[in-house]
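The file run_22.txt contains compact mmCIF, C-alpha atoms and all ligand atoms:
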# COMPACT_ATOMS: atom_id res chain seq x y z
CA MET M 59 9.09 -13.02 -1.46
CA SER M 60 9.16 -14.69 1.95
CA ALA M 61 9.01 -18.42 2.71
CA ASP M 62 5.22 -18.50 3.04
CA GLY M 63 4.70 -16.83 -0.35
CA TRP M 64 3.05 -13.63 0.90
CA MET M 65 4.55 -10.38 -0.40
CA VAL M 66 4.23 -8.50 2.88
CA GLU M 67 7.85 -8.45 4.07
CA SER M 68 9.03 -5.03 5.31
CA LEU M 69 5.96 -3.28 3.94
CA SER M 70 6.10 0.23 5.35
CA HIS M 71 3.44 2.83 6.11
CA GLY M 72 2.22 4.43 2.88
CA GLU M 73 2.92 1.39 0.70
CA ILE M 74 0.12 -0.64 -0.84
CA PHE M 75 -0.93 -4.23 -0.33
CA PHE M 76 -4.08 -5.75 -1.81
CA ALA M 77 -4.91 -9.46 -1.93
CA SER M 78 -8.04 -10.99 -3.44
CA PRO M 79 -8.76 -14.73 -3.12
CA THR M 80 -6.45 -15.34 -6.13
CA LEU M 81 -4.09 -12.39 -6.70
CA GLN M 82 -1.77 -10.39 -4.44
CA GLN M 83 -0.28 -7.01 -5.34
CA ARG M 84 2.14 -4.82 -3.43
CA SER M 85 4.05 -1.63 -4.07
CA HIS M 86 7.72 -1.09 -3.34
CA GLY M 87 8.48 2.37 -2.04
CA THR M 88 6.35 5.49 -2.17
CA LYS M 89 8.70 7.77 -4.10
CA GLY M 90 7.37 9.14 -7.39
CA ALA M 91 3.90 7.60 -6.95
CA VAL M 92 1.07 9.42 -8.74
CA CYS M 93 -1.43 10.43 -6.06
CA ALA M 94 -4.70 12.32 -5.89
CA TYR M 95 -7.02 13.48 -3.14
CA GLU M 96 -10.26 14.53 -4.85
CA PRO M 97 -13.85 13.34 -5.31
CA VAL M 98 -14.08 10.22 -7.47
CA SER M 99 -14.84 10.80 -11.18
CA ALA M 100 -14.17 9.03 -14.48
CA ASP M 101 -12.29 12.12 -15.74
CA GLY M 102 -10.15 12.25 -12.61
CA VAL M 103 -9.22 8.58 -13.02
CA ARG M 104 -8.31 9.15 -16.68
CA ARG M 105 -6.11 12.12 -15.74
CA LEU M 106 -4.29 9.98 -13.18
CA PHE M 107 -3.46 7.34 -15.79
CA ASP M 108 -2.26 10.12 -18.13
CA ARG M 109 -0.01 11.45 -15.38
CA ALA M 110 1.32 7.94 -14.72
CA ARG M 111 2.15 7.45 -18.42
CA ALA M 112 3.84 10.86 -18.55
CA ALA M 113 5.89 9.83 -15.51
CA GLY M 114 7.06 6.73 -17.38
CA ILE M 115 5.07 4.12 -15.40
CA ALA M 116 4.74 1.33 -17.97
CA ARG M 117 1.77 -0.72 -16.72
CA PRO M 118 -0.01 1.60 -14.31
CA VAL M 119 -2.43 0.16 -11.74
CA LEU M 120 -4.57 2.55 -9.73
CA PHE M 121 -5.33 1.75 -6.08
CA GLY M 122 -7.81 3.71 -4.09
CA LEU M 123 -10.15 4.43 -1.24
CA VAL M 124 -13.52 5.97 -2.06
CA PRO M 125 -15.36 7.35 0.98
CA PHE M 126 -18.79 6.21 2.16
CA ASP M 127 -20.02 9.68 1.16
CA THR M 128 -18.80 10.02 -2.43
CA THR M 129 -19.15 13.80 -2.44
CA ARG M 130 -16.07 13.79 -0.16
CA HIS M 131 -12.49 13.24 -1.32
CA ALA M 132 -11.22 9.84 -2.45
CA SER M 133 -7.54 8.86 -2.17
CA PHE M 134 -5.87 7.39 -5.26
CA THR M 135 -2.35 6.10 -5.77
CA ILE M 136 -0.56 4.68 -8.82
CA PRO M 137 2.71 3.23 -7.52
CA VAL M 138 5.91 3.32 -9.57
CA GLN M 139 6.94 -0.21 -8.64
CA LEU M 140 4.28 -2.87 -8.32
CA GLN M 141 4.75 -6.58 -7.76
CA LEU M 142 2.02 -9.10 -8.63
CA ALA M 143 1.79 -12.80 -7.76
CA PRO M 144 -0.84 -15.49 -7.33
CA VAL M 145 -1.78 -16.02 -3.70
CA PRO M 146 0.14 -18.93 -2.13
CA GLN M 147 -1.51 -22.21 -1.20
CA ARG M 148 -3.02 -21.73 2.24
CA GLY M 149 -1.82 -23.94 5.02
CA GLY M 150 1.80 -23.89 3.85
CA ALA M 151 4.80 -22.70 5.85
CA VAL M 152 3.92 -20.10 8.47
CA VAL M 153 6.49 -17.39 9.04
CA ALA M 154 6.63 -16.47 12.72
CA PRO M 155 6.08 -12.81 13.63
CA ALA M 156 9.35 -10.88 13.62
CA GLY M 157 8.99 -9.12 16.94
CA ARG M 158 6.74 -8.66 19.92
CA ARG M 159 3.16 -7.52 19.30
CA PRO M 160 2.20 -4.05 20.45
CA ALA M 161 0.08 -3.86 23.62
CA VAL M 162 -3.13 -1.87 23.91
CA VAL M 163 -2.68 1.20 26.13
CA ALA M 164 -6.22 2.61 25.80
CA ARG M 165 -9.54 1.82 24.13
CA GLN M 166 -12.34 4.32 23.70
CA PRO M 167 -15.63 3.24 22.11
CA VAL M 168 -17.32 5.87 19.91
CA PRO M 169 -20.08 5.95 21.07
CA ALA M 170 -20.43 3.71 24.19
CA PRO M 171 -22.18 0.41 23.37
CA GLU M 172 -25.35 1.48 25.31
CA ILE M 173 -25.61 4.60 23.15
CA TYR M 174 -25.25 2.42 20.05
CA GLY M 175 -28.14 0.33 21.44
CA ASP M 176 -30.18 3.56 21.71
CA MET M 177 -29.36 4.35 18.07
CA VAL M 178 -30.77 0.96 17.08
CA ARG M 179 -33.91 1.66 19.17
CA LYS M 180 -34.35 5.00 17.36
CA ALA M 181 -34.09 3.15 14.05
CA LEU M 182 -36.80 0.71 15.23
CA ASP M 183 -39.07 3.73 15.90
CA LEU M 184 -38.37 5.00 12.38
CA TYR M 185 -39.47 1.63 10.92
CA GLU M 186 -42.82 2.06 12.72
CA GLU M 187 -43.21 5.47 11.07
CA GLY M 188 -42.64 3.73 7.75
CA ASP M 189 -40.47 5.97 5.51
CA VAL M 190 -37.41 3.71 5.82
CA ARG M 191 -37.01 -0.08 6.11
CA LYS M 192 -33.34 -0.73 6.72
CA ILE M 193 -30.55 1.36 8.24
CA VAL M 194 -26.99 0.09 8.68
CA LEU M 195 -25.70 1.60 11.92
CA SER M 196 -22.05 1.59 12.82
CA ARG M 197 -19.75 2.46 15.66
CA ALA M 198 -16.04 2.96 16.12
CA MET M 199 -13.30 2.21 18.65
CA ASP M 200 -10.23 4.39 19.15
CA VAL M 201 -7.26 2.29 20.17
CA GLU M 202 -3.88 3.48 21.37
CA LEU M 203 -0.93 1.07 21.25
CA ASP M 204 2.43 1.19 23.03
CA ALA M 205 4.33 0.74 19.74
CA PRO M 206 3.69 0.94 15.98
CA ILE M 207 2.24 -2.15 14.29
CA ALA M 208 4.35 -4.40 12.07
CA TYR M 209 2.45 -4.43 8.77
CA ALA M 210 3.87 -7.80 7.76
CA ASP M 211 2.62 -9.49 10.93
CA VAL M 212 -0.82 -7.87 10.86
CA LEU M 213 -1.43 -8.60 7.17
CA ARG M 214 -0.23 -12.22 7.54
CA ASP M 215 -2.63 -12.71 10.39
CA LEU M 216 -5.53 -11.23 8.42
CA LEU M 217 -4.62 -13.28 5.32
CA ARG M 218 -4.40 -16.51 7.27
CA ARG M 219 -7.90 -16.04 8.69
CA ASN M 220 -9.63 -14.53 5.62
CA ALA M 221 -8.79 -16.82 2.71
CA GLN M 222 -11.92 -15.81 0.79
CA GLY M 223 -11.66 -12.11 1.55
CA TYR M 224 -9.91 -8.96 0.35
CA THR M 225 -6.98 -8.02 2.58
CA PHE M 226 -5.60 -4.53 2.18
CA ALA M 227 -3.37 -1.68 3.30
CA VAL M 228 -4.04 1.40 1.18
CA PRO M 229 -2.94 4.99 1.91
CA ALA M 230 -5.40 7.79 2.66
CA TRP M 231 -4.09 11.16 1.53
CA SER M 232 -4.94 14.61 2.76
CA ASP M 233 -4.68 18.01 1.06
CA GLY M 234 -1.39 18.69 -0.74
CA VAL M 235 -0.35 15.11 -1.42
CA ALA M 236 3.07 15.68 -2.91
CA GLY M 237 4.85 14.41 0.25
CA ALA M 238 5.66 10.75 0.74
CA GLN M 239 3.84 10.31 4.07
CA PRO M 240 0.08 9.69 3.92
CA ALA M 241 -2.25 11.05 6.62
CA ALA M 242 -3.22 7.45 7.39
CA SER M 243 -3.74 4.04 5.84
CA MET M 244 -6.85 1.90 5.81
CA VAL M 245 -5.93 -1.62 6.90
CA GLY M 246 -8.25 -4.59 7.04
CA ALA M 247 -9.78 -7.72 5.55
CA SER M 248 -13.17 -7.30 3.90
CA PRO M 249 -15.38 -10.28 3.10
CA GLU M 250 -17.47 -8.32 0.58
CA LEU M 251 -16.78 -7.87 -3.15
CA LEU M 252 -18.75 -4.98 -4.62
CA VAL M 253 -17.57 -5.36 -8.25
CA ARG M 254 -14.97 -7.35 -10.18
CA ARG M 255 -14.73 -6.61 -13.92
CA GLU M 256 -12.96 -8.91 -16.40
CA GLY M 257 -13.55 -7.51 -19.87
CA ASP M 258 -17.30 -7.28 -20.30
CA ARG M 259 -18.00 -9.74 -17.45
CA VAL M 260 -18.85 -8.37 -14.00
CA PHE M 261 -19.25 -10.13 -10.66
CA ILE M 262 -21.04 -8.72 -7.62
CA ASN M 263 -21.29 -10.44 -4.26
CA PRO M 264 -23.43 -8.63 -1.68
CA LEU M 265 -23.55 -9.87 1.91
CA ALA M 266 -26.21 -8.92 4.46
CA GLY M 267 -27.73 -10.80 7.36
CA SER M 268 -25.14 -12.13 9.79
CA ILE M 269 -24.66 -14.13 12.97
CA PRO M 270 -21.47 -14.59 15.04
CA ARG M 271 -19.91 -18.07 14.89
CA VAL M 272 -19.04 -20.13 17.97
CA ALA M 273 -16.36 -22.71 18.79
CA ASP M 274 -18.76 -25.60 19.45
CA PRO M 275 -19.27 -27.27 16.01
CA GLU M 276 -22.88 -28.34 16.64
CA GLU M 277 -23.98 -24.93 17.85
CA ASP M 278 -22.00 -23.31 15.00
CA GLN M 279 -23.83 -25.47 12.45
CA ALA M 280 -27.18 -24.73 14.09
CA ARG M 281 -26.47 -21.01 13.76
CA ARG M 282 -25.62 -21.43 10.09
CA GLU M 283 -28.86 -23.29 9.44
CA GLY M 284 -30.84 -20.79 11.52
CA LEU M 285 -29.47 -17.87 9.48
CA ALA M 286 -30.44 -19.54 6.20
CA VAL M 287 -34.14 -19.53 7.21
CA SER M 288 -34.29 -16.41 9.41
CA GLU M 289 -37.18 -14.24 8.16
CA LYS M 290 -35.57 -11.04 9.49
CA ASP M 291 -32.19 -11.75 7.88
CA LEU M 292 -33.69 -12.84 4.56
CA ARG M 293 -35.70 -9.60 4.48
CA GLU M 294 -32.55 -7.59 5.31
CA HIS M 295 -30.68 -9.41 2.53
CA GLY M 296 -33.58 -9.03 0.09
CA TYR M 297 -33.45 -5.20 0.19
CA VAL M 298 -29.80 -5.36 -0.85
CA VAL M 299 -30.19 -7.80 -3.73
CA SER M 300 -33.31 -6.19 -5.23
CA ASP M 301 -31.73 -2.73 -5.19
CA ILE M 302 -28.46 -3.98 -6.69
CA VAL M 303 -30.27 -5.94 -9.40
CA ARG M 304 -32.39 -2.86 -10.27
CA ILE M 305 -29.21 -0.84 -10.89
CA LEU M 306 -27.39 -3.70 -12.64
CA ARG M 307 -30.23 -4.03 -15.16
CA GLU M 308 -29.42 -0.51 -16.39
CA HIS M 309 -25.82 -1.50 -17.12
CA CYS M 310 -25.91 -5.21 -17.97
CA GLU M 311 -27.52 -7.15 -20.79
CA GLU M 312 -27.21 -10.56 -19.16
CA LEU M 313 -27.63 -11.12 -15.45
CA ASP M 314 -27.35 -14.33 -13.52
CA VAL M 315 -29.01 -13.93 -10.12
CA PRO M 316 -29.48 -17.01 -7.92
CA GLN M 317 -33.00 -17.70 -6.60
CA GLY M 318 -32.01 -17.16 -3.00
CA PRO M 319 -28.91 -16.47 -0.88
CA SER M 320 -26.39 -19.02 0.35
CA VAL M 321 -24.50 -18.88 3.64
CA ILE M 322 -20.77 -18.12 3.67
CA GLY M 323 -18.46 -18.16 6.69
CA THR M 324 -15.61 -15.89 7.69
CA ASP M 325 -13.53 -16.96 10.67
CA ALA M 326 -15.92 -15.10 13.00
CA LEU M 327 -19.32 -14.76 11.32
CA TRP M 328 -21.88 -16.44 9.06
CA HIS M 329 -23.29 -14.18 6.34
CA LEU M 330 -26.08 -14.49 3.80
CA SER M 331 -24.44 -14.09 0.39
CA THR M 332 -25.67 -13.74 -3.21
CA PHE M 333 -23.18 -14.17 -6.05
CA ILE M 334 -24.35 -12.26 -9.15
CA ALA M 335 -22.70 -12.39 -12.59
CA GLY M 336 -23.46 -10.11 -15.53
CA ARG M 337 -22.32 -8.91 -18.93
CA LEU M 338 -21.87 -5.16 -19.44
CA LYS M 339 -23.75 -3.33 -22.16
CA SER M 340 -20.88 -0.89 -22.64
CA PRO M 341 -17.16 -1.66 -22.42
CA ASP M 342 -16.65 1.98 -21.37
CA LEU M 343 -18.00 1.35 -17.89
CA SER M 344 -15.01 0.55 -15.69
CA ALA M 345 -15.06 -1.56 -12.54
CA LEU M 346 -14.97 1.65 -10.51
CA GLY M 347 -17.68 3.23 -12.66
CA LEU M 348 -20.03 0.34 -11.95
CA ALA M 349 -19.02 0.23 -8.27
CA CYS M 350 -19.91 3.93 -7.95
CA ALA M 351 -23.25 3.37 -9.68
CA LEU M 352 -24.07 0.74 -7.04
CA HIS M 353 -22.62 2.54 -4.02
CA PRO M 354 -23.84 2.95 -1.30
CA THR M 355 -25.74 -0.36 -1.46
CA PRO M 356 -28.28 -1.25 1.23
CA ALA M 357 -25.59 -3.63 2.61
CA ILE M 358 -23.75 -0.68 4.18
CA CYS M 359 -26.32 2.14 3.99
CA GLY M 360 -29.93 0.96 4.03
CA PHE M 361 -33.19 1.10 2.12
CA PRO M 362 -34.44 3.31 0.58
CA THR M 363 -30.93 4.69 0.10
CA ALA M 364 -31.55 8.44 0.43
CA GLN M 365 -33.62 8.16 3.61
CA ALA M 366 -31.21 5.67 5.20
CA PHE M 367 -28.23 7.88 4.31
CA ALA M 368 -29.84 10.90 5.97
CA HIS M 369 -30.65 8.90 9.12
CA ILE M 370 -27.07 7.61 9.31
CA GLN M 371 -25.74 11.19 9.20
CA ASP M 372 -28.20 12.07 11.93
CA LEU M 373 -27.73 9.06 14.25
CA GLU M 374 -24.02 8.17 14.03
CA PRO M 375 -21.90 10.46 16.24
CA PHE M 376 -18.74 10.17 14.11
CA ASP M 377 -17.63 10.51 10.49
CA ARG M 378 -17.35 7.21 8.57
CA GLU M 379 -14.77 8.72 6.19
CA TYR M 380 -13.40 5.72 4.23
CA PHE M 381 -15.16 3.08 6.33
CA ALA M 382 -18.00 1.43 4.35
CA GLY M 383 -16.66 3.01 1.17
CA LEU M 384 -14.72 1.24 -1.60
CA VAL M 385 -11.21 -0.15 -1.57
CA GLY M 386 -9.59 -1.73 -4.58
CA TRP M 387 -7.63 -1.40 -7.77
CA GLN M 388 -8.13 -0.93 -11.47
CA ARG M 389 -6.11 -1.07 -14.67
CA GLU M 390 -6.23 1.47 -17.48
CA ASP M 391 -8.57 -0.78 -19.52
CA GLY M 392 -11.14 -0.60 -16.70
CA ASP M 393 -10.70 -4.12 -15.32
CA GLY M 394 -10.32 -4.29 -11.57
CA GLU M 395 -11.77 -5.20 -8.21
CA TRP M 396 -13.52 -2.98 -5.67
CA ALA M 397 -14.43 -4.39 -2.27
CA LEU M 398 -16.30 -2.65 0.53
CA THR M 399 -13.99 -1.11 3.13
CA LEU M 400 -15.13 -3.25 6.09
CA ARG M 401 -13.52 -5.13 9.04
CA CYS M 402 -10.83 -2.49 9.04
CA ALA M 403 -9.21 0.43 10.80
CA ARG M 404 -7.76 3.77 9.97
CA TYR M 405 -4.12 3.65 11.13
CA ASP M 406 -2.08 6.81 11.65
CA GLY M 407 1.25 5.10 11.01
CA ASP M 408 2.31 5.37 14.62
CA ARG M 409 0.33 4.15 17.64
CA ARG M 410 -3.28 5.12 16.94
CA LEU M 411 -6.05 3.19 15.21
CA ARG M 412 -9.74 3.81 14.71
CA LEU M 413 -11.64 0.54 14.23
CA TYR M 414 -15.13 0.49 12.73
CA ALA M 415 -18.05 -1.93 12.50
CA GLY M 416 -21.64 -1.70 11.41
CA ALA M 417 -24.71 -3.90 11.27
CA GLY M 418 -27.90 -3.76 9.28
CA THR M 419 -31.07 -3.10 11.26
CA VAL M 420 -34.66 -3.69 10.14
CA ALA M 421 -38.01 -3.97 11.94
CA GLY M 422 -37.56 -6.81 14.42
CA SER M 423 -33.83 -6.24 15.04
CA ASP M 424 -32.64 -6.64 18.62
CA PRO M 425 -30.36 -3.84 19.92
CA GLU M 426 -28.37 -6.28 22.11
CA SER M 427 -27.56 -8.62 19.22
CA GLU M 428 -26.48 -5.68 17.03
CA ILE M 429 -24.13 -4.60 19.85
CA ARG M 430 -22.72 -8.15 19.95
CA GLU M 431 -22.40 -8.36 16.16
CA THR M 432 -20.47 -5.07 15.91
CA ALA M 433 -18.30 -6.05 18.90
CA MET M 434 -17.45 -9.33 17.18
CA LYS M 435 -16.61 -7.56 13.92
CA MET M 436 -14.15 -5.26 15.70
CA GLU M 437 -12.75 -8.05 17.84
CA THR M 438 -11.69 -10.15 14.86
CA PHE M 439 -9.68 -7.22 13.56
CA MET M 440 -8.15 -6.53 16.99
CA ARG M 441 -6.84 -10.11 17.13
CA ALA M 442 -4.55 -9.28 14.24
CA ILE M 443 -3.16 -6.18 15.94
CA ALA M 444 -2.46 -6.71 19.63
C1 LIG C 1 -21.27 -2.87 7.94
C2 LIG C 1 -20.61 -4.04 8.01
O1 LIG C 1 -20.97 -5.16 7.34
C3 LIG C 1 -22.08 -5.21 6.47
C4 LIG C 1 -23.31 -5.57 7.22
C5 LIG C 1 -23.70 -6.89 7.32
C6 LIG C 1 -24.90 -7.26 8.17
O2 LIG C 1 -25.46 -6.38 8.83
O3 LIG C 1 -25.29 -8.43 8.22
C7 LIG C 1 -23.01 -7.90 6.61
C8 LIG C 1 -22.00 -7.61 5.77
C9 LIG C 1 -21.73 -6.21 5.39
O4 LIG C 1 -22.46 -5.87 4.25
C10 LIG C 1 -19.36 -4.18 8.82
O5 LIG C 1 -18.77 -5.26 8.79
O6 LIG C 1 -18.98 -3.21 9.48

Rewrite the structure from the file as structure tokens, please.
Amino acid sequence: MSADGWMVESLSHGEIFFASPTLQQRSHGTKGAVCAYEPVSADGVRRLFDRARAAGIARPVLFGLVPFDTTRHASFTIPVQLQLAPVPQRGGAVVAPAGRRPAVVARQPVPAPEIYGDMVRKALDLYEEGDVRKIVLSRAMDVELDAPIAYADVLRDLLRRNAQGYTFAVPAWSDGVAGAQPAASMVGASPELLVRREGDRVFINPLAGSIPRVADPEEDQARREGLAVSEKDLREHGYVVSDIVRILREHCEELDVPQGPSVIGTDALWHLSTFIAGRLKSPDLSALGLACALHPTPAICGFPTAQAFAHIQDLEPFDREYFAGLVGWQREDGDGEWALTLRCARYDGDRRLRLYAGAGTVAGSDPESEIRETAMKMETFMRAIA
């Protein structure tokens, strides 16, 4: 462990790092890991734990990426060597970056911001027609660097600025996973917990309704207060909470849902947030099982889900793949944590990254502010890279 207490030193491409607000976990080496590239299923997860036991892994922990579209392949990894530790006190010693940061050679937005604005305008037309009320629209940015990233530096930077978030580097496999090199890794710091399970207790923390923060403290505070009473943002948030609660009622016998949302801050944005706690009816439902029952929530898809999903496929000119899916970990007993794969990039292990960001739109949304919100979401990630 390094002087600042983060277990990120010499983490290489293909290894795993996952930090929640309290626990950090990292793998050492990729050799012998049990991997799978297949659609997510309870049977598949069970088979992976069986394989891990057969391989002599004593306390297997499964890490994974589940795509936005769960009919596509997920990537799962059970590492041979895993290290766990509480997260260090923030504000302690800061280890300086080891080398120079890579420089950006090229940036290509996918699509151009104006086209993203047109996508939002098309969504506004759809709201007039009335079959859909919320669509989360996203865009991407392809970035080429002049040198590979240093995982330790990037993760430290993300950890320092996202104390309440979920910071991760998790490999994405492709067909024929036996080799040690993954096709890519998803790297980022998500503010949004989809499900944490501790025994029969579950915790869910949807976010929706956001505004960029600013340096001036008075204006920043005014934005926070404005968000808390914004009719449009409360409506956008309301679709998420009511849909999640509807599904949770099927699986939980006790549910604690606050009357209304509170406002939480990341380093760059204010978000409306609702912290829900529940008790599972059945101990057989794992953290991932419940996460999949909830996914895709209206926080990253829209409302109603099926219509919003179809419009996303139609309007977005790229494949979300693992973006806006699930990233997390789980033990054999079903306890674990699954966050939404947000504020992140797909990294090819060399010099190429694809960054992603989305924003919820509802009747009354302004295309220009959605462009700004998605730009801000990508910018905060870029600060950690170059
Ligand atoms: C889709 C993203 O974020 C989601 C959309 C939000 C919003 O529109 O207010 C807020 C948090 C997330 O649920 C993203 O960060 O890319």

With 12 Å as the cut-off and all atoms listed in the file counted, what is the closest atom pair between each nearby residue of range 385-425 of chain M and range 204-215 of chain M? Distances in Å to one decimal, ordered by chain and number, as a Markdown table.
| residue | atom | partner | partner_atom | distance |
| --- | --- | --- | --- | --- |
| M:Cys402 | CA | M:Leu213 | CA | 11.4 |
| M:Ala403 | CA | M:Val212 | CA | 11.8 |
| M:Tyr405 | CA | M:Ile207 | CA | 9.2 |
| M:Asp406 | CA | M:Pro206 | CA | 9.3 |
| M:Gly407 | CA | M:Pro206 | CA | 6.9 |
| M:Asp408 | CA | M:Pro206 | CA | 4.8 |
| M:Arg409 | CA | M:Pro206 | CA | 4.9 |
| M:Arg410 | CA | M:Pro206 | CA | 8.2 |
| M:Leu411 | CA | M:Ile207 | CA | 9.9 |

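Between CA of Leu142 in chain M and CA of Trp387 in chain M the interatomic distance comes to 12.4 Å.
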
Just give me the gap between CA of Arg401 in chain M and CA of Ala247 in chain M in Å, one decimal is fine.
5.7 Å

Sorted by chain and rising residue number, which residues of chain M lie within 9 Å of ligand LIG 1 (chain C), and what are their closest atom pairs and distances in Å to one decimal, counting only C-alpha atoms and all ligand atoms, as a tab-separated table?
residue	atom	partner	partner_atom	distance
M:Val194	CA	C:LIG1	C1	6.5
M:Leu195	CA	C:LIG1	C1	7.4
M:Ser196	CA	C:LIG1	O6	6.6
M:Arg197	CA	C:LIG1	O6	8.4
M:Ser248	CA	C:LIG1	O5	7.7
M:Pro249	CA	C:LIG1	C8	7.6
M:Glu250	CA	C:LIG1	O4	6.7
M:Pro264	CA	C:LIG1	O4	6.6
M:Leu265	CA	C:LIG1	C8	4.7
M:Ala266	CA	C:LIG1	O3	3.9
M:Gly267	CA	C:LIG1	O3	3.5
M:Ser268	CA	C:LIG1	O3	4.0
M:Ile269	CA	C:LIG1	O3	7.4
M:Asp291	CA	C:LIG1	O3	7.7
M:Glu294	CA	C:LIG1	O3	7.9
M:His295	CA	C:LIG1	O3	7.9
M:Val298	CA	C:LIG1	O4	9.0
M:Trp328	CA	C:LIG1	O3	8.7
M:His329	CA	C:LIG1	C7	6.3
M:Leu330	CA	C:LIG1	O3	7.5
M:Ser331	CA	C:LIG1	C8	8.8
M:Thr355	CA	C:LIG1	O4	8.6
M:Pro356	CA	C:LIG1	O4	8.0
M:Ala357	CA	C:LIG1	O4	4.2
M:Ile358	CA	C:LIG1	C1	5.0
M:Cys359	CA	C:LIG1	C1	8.1
M:Phe381	CA	C:LIG1	O6	8.0
M:Ala382	CA	C:LIG1	C1	6.5
M:Leu398	CA	C:LIG1	O4	7.9
M:Thr399	CA	C:LIG1	O6	8.3
M:Leu400	CA	C:LIG1	O5	5.0
M:Arg401	CA	C:LIG1	O5	5.3
M:Cys402	CA	C:LIG1	O6	8.2
M:Tyr414	CA	C:LIG1	O6	6.3
M:Ala415	CA	C:LIG1	O6	3.4
M:Gly416	CA	C:LIG1	O6	3.6
M:Ala417	CA	C:LIG1	O2	3.6
M:Gly418	CA	C:LIG1	O2	3.6
M:Thr419	CA	C:LIG1	O2	6.9
M:Glu428	CA	C:LIG1	O2	8.3
M:Glu431	CA	C:LIG1	O2	8.2
M:Thr432	CA	C:LIG1	O6	6.9
M:Lys435	CA	C:LIG1	O5	6.0
M:Met436	CA	C:LIG1	O6	8.1

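CA of Tyr297 in chain M sits 14.9 Å away from CA of Gly188 in chain M.
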
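Minimum atom-to-atom distances from M:Ala345, M:Ile322, M:Ala116, M:Val66 to Arg84 in chain M were compared using all atoms listed in the file, and the lowest value belongs to M:Val66.
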
Who sits within 12 Å of Leu352 in chain M, only C-alpha atoms, same chain under 5 positions skipped, as a PyMOL selection string:
chain M and resi 126+128+251-253+262-264+298-309+345-347+357-359+363+383-384+396-398

Can you pull out the residues contacting Leu313 in chain M? Cut-off 7 Å, using all atoms listed in the file, and skip same-chain residues under 4 positions away; I want them as a compact mmCIF listing (two decimals) with C-alpha atoms, in the frame of the given file.
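Contents of result.txt, as written:
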# COMPACT_ATOMS: atom_id res chain seq x y z
CA ALA M 335 -22.70 -12.39 -12.59
CA GLY M 336 -23.46 -10.11 -15.53
CA ARG M 337 -22.32 -8.91 -18.93

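Closest approach to Glu256 in chain M among M:Ala61, M:Val103, M:Leu343, M:Ala112: M:Leu343, based on all atoms listed in the file.
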
Non-local contacts of Glu283 in chain M (9 Å; only C-alpha atoms; under 5 positions in same chain excluded) as a PyMOL selection string:
chain M and resi 278+288+321

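Candidate residues M:Ser344, M:Thr80, M:Gln371, M:Thr332 were compared for distance to Gly296 in chain M, and the nearest is M:Thr332, using only C-alpha atoms.
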
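Among the candidates M:Arg378, M:His353, M:Arg293, M:Arg389, the one nearest to Arg117 in chain M when counting only C-alpha atoms is M:Arg389.
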
Incomplete range 315-323 of chain M brought to N, CA, C and O atoms, written out as a tab-separated table (two decimals), in the coordinates of the input:
chain	number	residue	atom	x	y	z
M	315	VAL	N	-28.74	-14.18	-11.54
M	315	VAL	CA	-29.01	-13.93	-10.12
M	315	VAL	C	-29.59	-15.20	-9.51
M	315	VAL	O	-30.65	-15.66	-9.94
M	316	PRO	N	-28.93	-15.80	-8.53
M	316	PRO	CA	-29.48	-17.01	-7.92
M	316	PRO	C	-30.85	-16.76	-7.28
M	316	PRO	O	-31.14	-15.63	-6.89
M	317	GLN	N	-31.64	-17.80	-7.19
M	317	GLN	CA	-33.00	-17.70	-6.60
M	317	GLN	C	-33.00	-17.14	-5.19
M	317	GLN	O	-33.83	-16.32	-4.84
M	318	GLY	N	-32.06	-17.62	-4.40
M	318	GLY	CA	-32.01	-17.16	-3.00
M	318	GLY	C	-30.57	-17.16	-2.54
M	318	GLY	O	-29.69	-17.67	-3.23
M	319	PRO	N	-30.29	-16.55	-1.36
M	319	PRO	CA	-28.91	-16.47	-0.88
M	319	PRO	C	-28.36	-17.81	-0.39
M	319	PRO	O	-29.12	-18.72	-0.06
M	320	SER	N	-27.04	-17.91	-0.33
M	320	SER	CA	-26.39	-19.02	0.35
M	320	SER	C	-25.72	-18.46	1.61
M	320	SER	O	-25.70	-17.25	1.81
M	321	VAL	N	-25.17	-19.34	2.43
M	321	VAL	CA	-24.50	-18.88	3.64
M	321	VAL	C	-23.00	-19.05	3.45
M	321	VAL	O	-22.54	-20.13	3.06
M	322	ILE	N	-22.22	-17.99	3.70
M	322	ILE	CA	-20.77	-18.12	3.67
M	322	ILE	C	-20.23	-17.81	5.07
M	322	ILE	O	-20.84	-17.07	5.84
M	323	GLY	N	-19.05	-18.37	5.38
M	323	GLY	CA	-18.46	-18.16	6.69
M	323	GLY	C	-17.15	-17.39	6.59
M	323	GLY	O	-16.35	-17.66	5.69
